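Written out below as structure tokens is the structure these notes cover.
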Amino acid sequence: MGDLQIKKQSKKYDAVIVGSGAGGGMAAYVLAHAGLKVCLLEAGPMFDPKTDSNQLKNPWESPRRGASTKYRPFGDFDGCYWGWEVDGEPYTQTGNPGTIPWEWWRARMLGGRTNHWGRISLRFGPKDFKRRSIDGLGDDWPIGYEDVKPYYDKIDKLLGVFGTNEGLENDPDGFFLPPPKPRLHELMIKKAAASVGVPVIPSRLSILTKQINSERGQCFFCAQCGRSCKVYGDFSSSSCLVIPALKTGNVDLVTNAMAREVLTDKEGLATGVSYISKDDLQEYQVSGRTVILAASACESARLLLNSKSPRHPNGLANGSNVVGKYLHDSTGADMGGVIPELFDRKRYNEDGVGGMHVYAPWWGDNKKLDFPRGYHIEFGGGFGMPLYGFSWGIEKLNGEFKVKGKVKEAGGYGASLKEDYRYFFGSHVGMAGRGEAIARIENYCEIDPAVVDKYGIPVLRFNTSHSEYEIKQAKHMKETFAEILHAMGAVQVWGHEDGPHNNWGLHAPGNIIHEAGSVRMGNDPKTAPLNKWSQAHECKNLFCMDGGPFVSQADKNITWTILALSMRASEHLVDEMKKQNL
Amino acid sequence: MIMDRRKSIKAIIVGTVSTGVLVEACNTEDKKAPEQAPVAEKAGPASTINRMKEEAEHEKEVIAKTFFTPDEMATITILGDIIIPKDEVSGSASDAGVPAFIEYIVKEKPEHQTPLRGGLRWLDLQCLNRYGKAFKDCSHPQQMEMVDAIAFPKKAKPEMAQGVAFFSLMRNLTATGFYTSEIGVKDVGYMGNVPNQWNGVPEDVLKQHGMAYTEKELRECYDPTKA
């Protein structure tokens, strides 16, 4: 350590961006195309789906047959590096009474978690920006649907999304590519759900069922979007934003760069970012006229809280003391079963796109319910590629149902057992509710006063819990799933044993991987770190463009809104620079 | 006798798994084994899967270890082939390299180690008391009698419960290893993982299940024949 020194780059950029996921990728794309000079810091290595994706690998090509590891919690072929744990980068919990540990997913790679996400691309609706006005809980956004709509329109066209215009009030129409036809179990779900009053419509996924430009190929229906796409047939920040941005020549990408803090001058303005290189473990500083944090809602909050200075003694842009607070995730609960109608079914390739072809947007009327806000339902099932865990627990199935007309003894072995595996293949169905939790000040992340990561950077400590609202929502999900499964003649196999003893199977906060709210926007600097342009009230050349700025996160997956808000904020930044306000 | 068994296990592993490195893992006991080198080369690289640096290092460490003894591997091989034997459709568990898969996966998922090792010993003790021999050295009828006592959870005697738990785990690991092999994927009839065009459920299948696409779906959805 004798020769440890800080290496300062002499080049001054127009913007230094921390993080290359949806928010950072979009910022880099917009700024680079506007001719600005950008330095993009990414805490993980380079990743280009074209060369690095595990698409079309067979299960036997993995010695663990696709099983998960801590390096790839969603399985060996998954397109995301790291997840719930990152070696040498711990996080902690307050352990206060009533809290439930936050589960924090962290991707470390170019494009971040967009390389493996579900591509569910839902616009927020008009009501989603004004929830306090509707139910008195949480806060309204300082902007409305009309402010974001033009950007949703632009990203629909720029990045591509399939779906249908249904004219639904809070699930707005967009510019959609044609959706794929429903699979067999999805037709059954649709019919059953309609019979119990749950509408099922084509899903809205950012997957190219038609080619939209010469840089990206068309989907070839392998169902493996989770591995990232070699022909760029789905949206990842790496393939669709960062790599095109690099081609402009205006972006210097620094991979394996773990941001330490935002640097400020004596006026309190941002001057750049300090980082440690994971390659050579040297300390670096890079300077910019503006700084954009897009490191993930929690990492961006961590960076702000770790950036203390005489002008910002409580952390940068944190005079309000709400950085880290209002942290929330989607609610989630699941259930699955088997459809006897589909036993011994005819074989064909039903891979389709990566993910569901239909979904159920929120349909309920909260005035008649005992919880606020809603959820949508995601569906799974059918002939999936056999991977580790395939047909685990056959002894619970083959004694319950007749196989080819014969009653069998549960368990067993031999040729008879092989017949059973073939008989049940492709008959399962799963449902997952993903809903809106209330953003509350009591749910927060903060700097742990005693713990640092392996780079010496103080780590986050979480304090999160569920309220009765989320628990009642999970109960409603379970009741709805049971009703739909029953209506389609399916038999519940898992998820039905949840109840009041375990909050109806409600997932731990953070588990759905939709972290948001920890650097929220608002018109009042006393209650929000950012203004309506995702720009810090107390440091005008600092922006946050990930899930941090969200005031509330709707019953929609947040990526499409992260992209829209990042594009909006980036265009604002360019305008302000032109006007010499920045 | 011991050498022969080791050789036969090696043959199973070399013959059926595409990862040459597993050969090395099994060679740790007899360090020379020069005749194995060309086979390992033919078997190809350790993995064709994209790996980040930390993952590749982890995998090297896993492969360097050996968990099961040759006797345990022999028993696993016999049990695997009882659970998934060759039939008119496809080959057996050992044809599909299942024993090598089980050796690998328990090193990665240590939660399976004690249930399997302890279960194998439980089985041998049962057999020793009943037949005076370890399971692998029993006659085929004796082995099947023993398996019948633990393969059916609902009708097994209560005092066999530990054996039932062990056999269920063996069944699960064997099936998951088999149906994720090339032989098993073909057997179960998974037809995906190839570039293609999705144009909905085949007509005859729709009819069979009394389903149909709506006018709206036919109008709005992607149809490759019209593209």
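Residue numbering restarts at 1 in every chain; chains get A, B, ... in the order shown in the structure tokens, and ligands count up from 1 in that same order.
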**OP:** Can you pull out every residue within 8 Å of range 65-68 of chain A, counting only C-alpha atoms, but drop anything in the same chain fewer than 2 positions away, and send it as a PyMOL selection string?
**Re:** (chain A and resi 59-63+70-77+387-389) or (chain B and resi 177+180)
**OP:** Excluding Pro182 in chain A and any residue of its chain fewer than 5 positions from it, enumerate the residues within 7 Å of it, using only C-alpha atoms, and give them as a count of residues only.
**Re:** 4
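Near Asn172 in chain B, within 10 Å and counting only C-alpha atoms, sit Tyr388, Gly389, Phe390, Ser391, Trp392, Gly393, Ile394 and Glu395 of chain A; Ile83, Phe166, Phe167, Ser168, Leu169, Ala175, Thr176, Gly177 and Phe178 of chain B, not including residues fewer than 3 positions from it in the same chain.
With distances restricted to only C-alpha atoms, B:Ile76 is the closest residue to Arg117 in chain B from B:Met146, B:Ala161, B:Ile76, B:Val98.
Distance annotation: of A:Asn165, A:Ser296, A:Thr94, A:Thr290, the residue with the minimal separation from Arg108 in chain A is A:Ser296; atom set is only C-alpha atoms.
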**OP:** Any chance you could list, as a PyMOL selection string, the residues in range 282-350 of chain A that come up strand (DSSP E or B) when DSSP is run on the backbone?
**Re:** chain A and resi 283-293+309+312+325+328+331-338
Original post:
By how many Å are CA of Lys191 in chain A and CA of Glu350 in chain A apart?
Top reply: 19.2 Å
Which parts of range 366-462 of chain A does DSSP call alpha helix (DSSP H) when run on the backbone here, written out as a PDB file with C-alpha atoms, in the first residue's frame?
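Output saved as part_5.pdb:
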```
ATOM      1  CA  GLY A 414     -38.209 -48.562 -13.600  1.00  0.00           C
ATOM      2  CA  ALA A 415     -39.958 -48.510 -16.943  1.00  0.00           C
ATOM      3  CA  SER A 416     -43.235 -47.646 -15.222  1.00  0.00           C
ATOM      4  CA  LEU A 417     -41.642 -44.551 -13.662  1.00  0.00           C
ATOM      5  CA  LYS A 418     -40.241 -43.452 -17.030  1.00  0.00           C
ATOM      6  CA  GLU A 419     -43.777 -43.617 -18.386  1.00  0.00           C
ATOM      7  CA  ASP A 420     -44.919 -41.292 -15.578  1.00  0.00           C
ATOM      8  CA  TYR A 421     -42.343 -38.602 -16.361  1.00  0.00           C
ATOM      9  CA  ARG A 422     -43.474 -38.590 -19.993  1.00  0.00           C
ATOM     10  CA  TYR A 423     -47.119 -38.572 -18.957  1.00  0.00           C
ATOM     11  CA  PHE A 424     -46.896 -35.468 -16.730  1.00  0.00           C
TER      12      PHE A 424
END
```
**OP:** Find the residues near Lys578 in chain A: any atom within 12 Å, counting only C-alpha atoms, skip ones fewer than 5 places away on the same chain, and give them as a ChimeraX atom specification.
**Re:** /A:14,34-36,571-573
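Taking CA of Gly163 in chain B as the reference point, CA of Thr66 in chain B is found at 24.5 Å.
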Subject >> Shell of 9 Å around Ile484 in chain A, only C-alpha atoms, local chain residues under 5 positions omitted, as a ChimeraX atom specification >> reply: /A:189,192-196,198,479,489-490
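Shortest atom-to-atom contact with Pro153 in chain B among A:Glu483, A:Asn541, A:Glu515, A:Glu409: A:Glu409, counting only C-alpha atoms.
Every protein or nucleic acid residue with an atom no more than 8 Å from Gln553 in chain A, counting only C-alpha atoms and leaving out same-chain residues fewer than 4 positions away, appears here: Asp128, Asp329, Ser330, Glu436, Ala437, Ala516, Gly517, Asn557 and Ile558 of chain A.
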Subject >> Proximity to Gly522 in chain A - best of A:Ala223, A:Ala487, A:Met477, A:Ile143, only C-alpha atoms >> reply: A:Ile143
Original post:
Which neighbours of Thr248 in chain A fall inside 12 Å, counting only C-alpha atoms, when residues of the same chain fewer than 3 positions from it are skipped, and could you give them as a ChimeraX atom specification?
Top reply: /A:28-38,241-245,251-252
Original post:
Of the candidates A:Ala569, A:Leu506, A:Leu460, A:Cys80, which shows the shortest atom-to-atom distance to chain B, using only C-alpha atoms?
Top reply: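 Smallest distance to chain B is found for A:Cys80.
If we count only C-alpha atoms, these residues of chain B sit within 6 Å of chain A: Asn50, Ile82, Ile83, Ile84, Pro85, Ile105, Ala151, Phe152, Asn172, Thr176, Thr180, Ser181, Val188, Met191, Gly192, Asn193, Pro195, Asn196, Trp198, Gly200, Cys221 and Tyr222 of chain B.
Here CA of Lys155 in chain B and CA of Ala134 in chain B stand 24.4 Å from one another.
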Original post:
Between B:Pro224, B:Ala56, B:Ser90, B:Gln162, which has the minimum distance to Glu182 in chain B (counting only C-alpha atoms)?
Top reply: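 Checking each candidate against Glu182 in chain B, we get B:Ser90 as the closest.
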